[in-house]
Amino acid sequence: MKRYILAITGATGPIIGLRVLECLLRDAEVHLVISRPAVSIIGDEVGIDLSTKAYDGLKGWLEQRGSGPSCERLRLHDERDLWAPVSSGSFEIDAMLIVPCTMKTLSAIANGYADGLIERAADVAIKEGRPLVVSPRETPFSAVHLENMLKLARLGVRIVPPVAGFYSRPETVDDMVDFLAGRILDQLRMDHALYRRWG
Ligand SMILES: Cc1cc2nc3c(=O)[nH]c(=O)nc-3n(C[C@H](O)[C@H](O)[C@H](O)COP(=O)(O)O)c2cc1C
């Protein structure tokens, strides 16, 4: 079974990360880390309270969407827990994704500042030469943001910002979220039917 690390950080649009989580969990073990700011934004934008019993909150959301059983493949880690398995290069994973990724976390990764579990796991993915997919969310991007992205892109990190495409003819916000999640999952060469491909 494939094994992924997924981090959700405190940018607007955590629903895209949650959609990616739901898709990954269908047939993979997922180690999930949610930053503290992301917990607040998930509460505000998605309406899930993860501030106390985060696992139960996620399970409830997945159950509501008919993906309840996949919860057994979900491993949730505290962002401060540097003792978690994903902190070590000896713990094998297929890829790590950060969706969405704040400019703060982007900067920490680009500068090797591995203070919390998310930055540490990303640092490990880079040093071990494992696929790292980052979905930086901000607008507009400053030169600092762009330089950090360029630095990471040159190291082989896939930079996949949540940028809308309209060729799949989205009719709802859900359609657009699916498109954005689908383009991120495309980086893993994963089979999905989240959006209508061109051609
Ligand atoms: C409602 C809200 C939306 C935010 N959206 C963004 C965003 O889109 N991009 C970003 O870089 N930071 C955004 N921030 C700021 C980050 O949450 C903040 O920099 C935080 O320290 C990031 O920490 P983290 O990367 O550990 O989650 C937002 C903050 C709030 C309260």
# chains A, B, ... in the order shown; residues from 1 in each chain; ligands from 1
$ closest_atom_pairs --of "segment 74-185 of chain A" --to "segment 38-43 of chain A" --cutoff "12 Å" --atoms "only C-alpha atoms" --output "JSON lines"
{"residue": "A:Asp78", "atom": "CA", "partner": "A:Val39", "partner_atom": "CA", "distance": 11.4}
{"residue": "A:Glu79", "atom": "CA", "partner": "A:Ala38", "partner_atom": "CA", "distance": 10.7}
{"residue": "A:Ile98", "atom": "CA", "partner": "A:Ala38", "partner_atom": "CA", "distance": 11.7}
{"residue": "A:Val99", "atom": "CA", "partner": "A:Ala38", "partner_atom": "CA", "distance": 10.4}
{"residue": "A:Pro100", "atom": "CA", "partner": "A:Ala38", "partner_atom": "CA", "distance": 9.2}
{"residue": "A:Cys101", "atom": "CA", "partner": "A:Ala38", "partner_atom": "CA", "distance": 9.9}
{"residue": "A:Thr102", "atom": "CA", "partner": "A:Ala38", "partner_atom": "CA", "distance": 9.6}
{"residue": "A:Thr105", "atom": "CA", "partner": "A:Ala38", "partner_atom": "CA", "distance": 11.7}
$ write_last_selection --atoms "C-alpha atoms" --output "CSV table (one decimal), in the first residue's frame"
chain,number,residue,atom,x,y,z
A,78,ASP,CA,0.4,16.9,16.1
A,79,GLU,CA,2.4,19.7,14.3
A,98,ILE,CA,1.3,20.5,1.4
A,99,VAL,CA,-2.1,21.7,0.4
A,100,PRO,CA,-2.6,24.6,0.8
A,101,CYS,CA,0.9,25.9,1.7
A,102,THR,CA,1.3,29.3,3.4
A,105,THR,CA,5.7,27.4,5.7
$ residues_around --residues "Tyr4 of chain A" --least-positions-apart "4" --cutoff "7 Å" --atoms "only C-alpha atoms" --output "list in words"
Glu29, Val30, His31, Ile93, Asp94, Ala95 and Met96 of chain A
$ closest_residue --among "A:Ile16, A:Leu24, A:Ile48, A:Val144" --to "Asp175 of chain A" --atoms "only C-alpha atoms"
A:Ile16
$ residues_near_ligand --ligand "ligand 1" --cutoff "6 Å" --atoms "only C-alpha atoms and all ligand atoms" --output "count of residues only"
14
$ residues_around --residues "segment 112-118 of chain A" --least-positions-apart "4" --cutoff "7 Å" --atoms "only C-alpha atoms" --output "list in words"
Ala7, Val33, Glu79, Arg80, Asp81, Leu82, Ser87, Ala108, Ala122 and Asp123 of chain A
$ write_last_selection --atoms "N, CA and C atoms" --output "mmCIF file, in the first residue's frame"
data_model
loop_
_atom_site.group_PDB
_atom_site.id
_atom_site.type_symbol
_atom_site.label_atom_id
_atom_site.label_comp_id
_atom_site.auth_asym_id
_atom_site.auth_seq_id
_atom_site.Cartn_x
_atom_site.Cartn_y
_atom_site.Cartn_z
ATOM 1 N N ALA A 7 0.152 17.608 4.531
ATOM 2 C CA ALA A 7 0.083 18.699 5.509
ATOM 3 C C ALA A 7 -0.910 19.736 4.999
ATOM 4 N N VAL A 33 -0.840 16.061 8.929
ATOM 5 C CA VAL A 33 -0.427 17.061 9.917
ATOM 6 C C VAL A 33 -1.144 18.360 9.568
ATOM 7 N N GLU A 79 1.329 18.912 15.000
ATOM 8 C CA GLU A 79 2.368 19.671 14.265
ATOM 9 C C GLU A 79 3.625 19.927 15.097
ATOM 10 N N ARG A 80 3.513 19.818 16.445
ATOM 11 C CA ARG A 80 4.687 20.046 17.285
ATOM 12 C C ARG A 80 5.428 18.741 17.609
ATOM 13 N N ASP A 81 4.851 17.605 17.202
ATOM 14 C CA ASP A 81 5.395 16.299 17.602
ATOM 15 C C ASP A 81 6.554 15.859 16.696
ATOM 16 N N LEU A 82 7.745 16.316 17.048
ATOM 17 C CA LEU A 82 8.905 15.968 16.216
ATOM 18 C C LEU A 82 9.358 14.524 16.426
ATOM 19 N N SER A 87 8.981 12.240 10.928
ATOM 20 C CA SER A 87 10.092 13.149 11.186
ATOM 21 C C SER A 87 11.424 12.560 10.728
ATOM 22 N N ALA A 108 9.935 28.638 5.367
ATOM 23 C CA ALA A 108 10.672 27.761 6.286
ATOM 24 C C ALA A 108 11.325 26.617 5.516
ATOM 25 N N ALA A 122 9.048 17.926 5.347
ATOM 26 C CA ALA A 122 9.353 18.423 4.006
ATOM 27 C C ALA A 122 10.871 18.459 3.792
ATOM 28 N N ASP A 123 11.586 18.876 4.823
ATOM 29 C CA ASP A 123 13.049 18.907 4.783
ATOM 30 C C ASP A 123 13.598 17.502 4.513
#
$ residues_around --residues "segment 146-151 of chain A" --least-positions-apart "4" --cutoff "7 Å" --atoms "only C-alpha atoms" --output "list in words"
Leu106, Ser107, Ala110, Phe141, Ser142 and Leu155 of chain A
$ select_by_dssp --residues "segment 2-99 of chain A" --states "strand (DSSP E or B)" --output "number ranges by chain"
A: 2-8, 28-34, 74-77, 95-99
$ residues_around --residues "Val163 of chain A" --least-positions-apart "5" --cutoff "10 Å" --atoms "only C-alpha atoms" --output "MDAnalysis selection string"
chainID A and resid 135:137 176 179:180 183
$ write_last_selection --atoms "C-alpha atoms" --output "compact mmCIF listing (two decimals), in the first residue's frame"
# COMPACT_ATOMS: atom_id res chain seq x y z
CA SER A 135 0.44 24.15 -3.33
CA PRO A 136 1.39 27.71 -2.32
CA ARG A 137 -1.62 29.97 -1.78
CA MET A 176 -13.61 23.90 -8.94
CA PHE A 179 -10.31 20.47 -10.43
CA LEU A 180 -7.70 21.98 -8.11
CA ARG A 183 -4.32 18.80 -10.69
$ select_by_dssp --residues "segment 35-69 of chain A" --states "helix (DSSP H, G or I)" --output "VMD selection string"
chain A and resid 36 to 45 54 to 64 68 to 69
$ atom_distance --atom1 "atom CA of Gly60 of chain A" --atom2 "atom CA of Leu21 of chain A"
13.8 Å
$ residues_around --residues "Val177 of chain A" --least-positions-apart "4" --cutoff "8 Å" --atoms "only C-alpha atoms" --output "PDB file with N, CA and C atoms, in the first residue's frame"
ATOM      1  N   ILE A  15     -10.166  23.357   2.146  1.00  0.00           N
ATOM      2  CA  ILE A  15     -11.074  22.355   1.570  1.00  0.00           C
ATOM      3  C   ILE A  15     -10.368  21.574   0.450  1.00  0.00           C
ATOM      4  N   ILE A  16      -9.435  22.231  -0.230  1.00  0.00           N
ATOM      5  CA  ILE A  16      -8.699  21.534  -1.313  1.00  0.00           C
ATOM      6  C   ILE A  16      -7.834  20.428  -0.694  1.00  0.00           C
ATOM      7  N   ARG A  19     -10.039  17.573   0.358  1.00  0.00           N
ATOM      8  CA  ARG A  19     -10.468  16.775  -0.802  1.00  0.00           C
ATOM      9  C   ARG A  19      -9.340  15.838  -1.248  1.00  0.00           C
ATOM     10  N   VAL A 173     -18.769  25.454  -6.936  1.00  0.00           N
ATOM     11  CA  VAL A 173     -17.511  25.587  -6.193  1.00  0.00           C
ATOM     12  C   VAL A 173     -16.897  24.197  -6.003  1.00  0.00           C
ATOM     13  N   ALA A 181      -7.897  19.992  -6.720  1.00  0.00           N
ATOM     14  CA  ALA A 181      -7.388  18.781  -6.047  1.00  0.00           C
ATOM     15  C   ALA A 181      -6.877  17.792  -7.099  1.00  0.00           C
TER      16      ALA A 181
END
$ residues_around --residues "His192 of chain A" --least-positions-apart "4" --cutoff "10 Å" --atoms "only C-alpha atoms" --output "PyMOL selection string"
chain A and resi 23+182+185-186
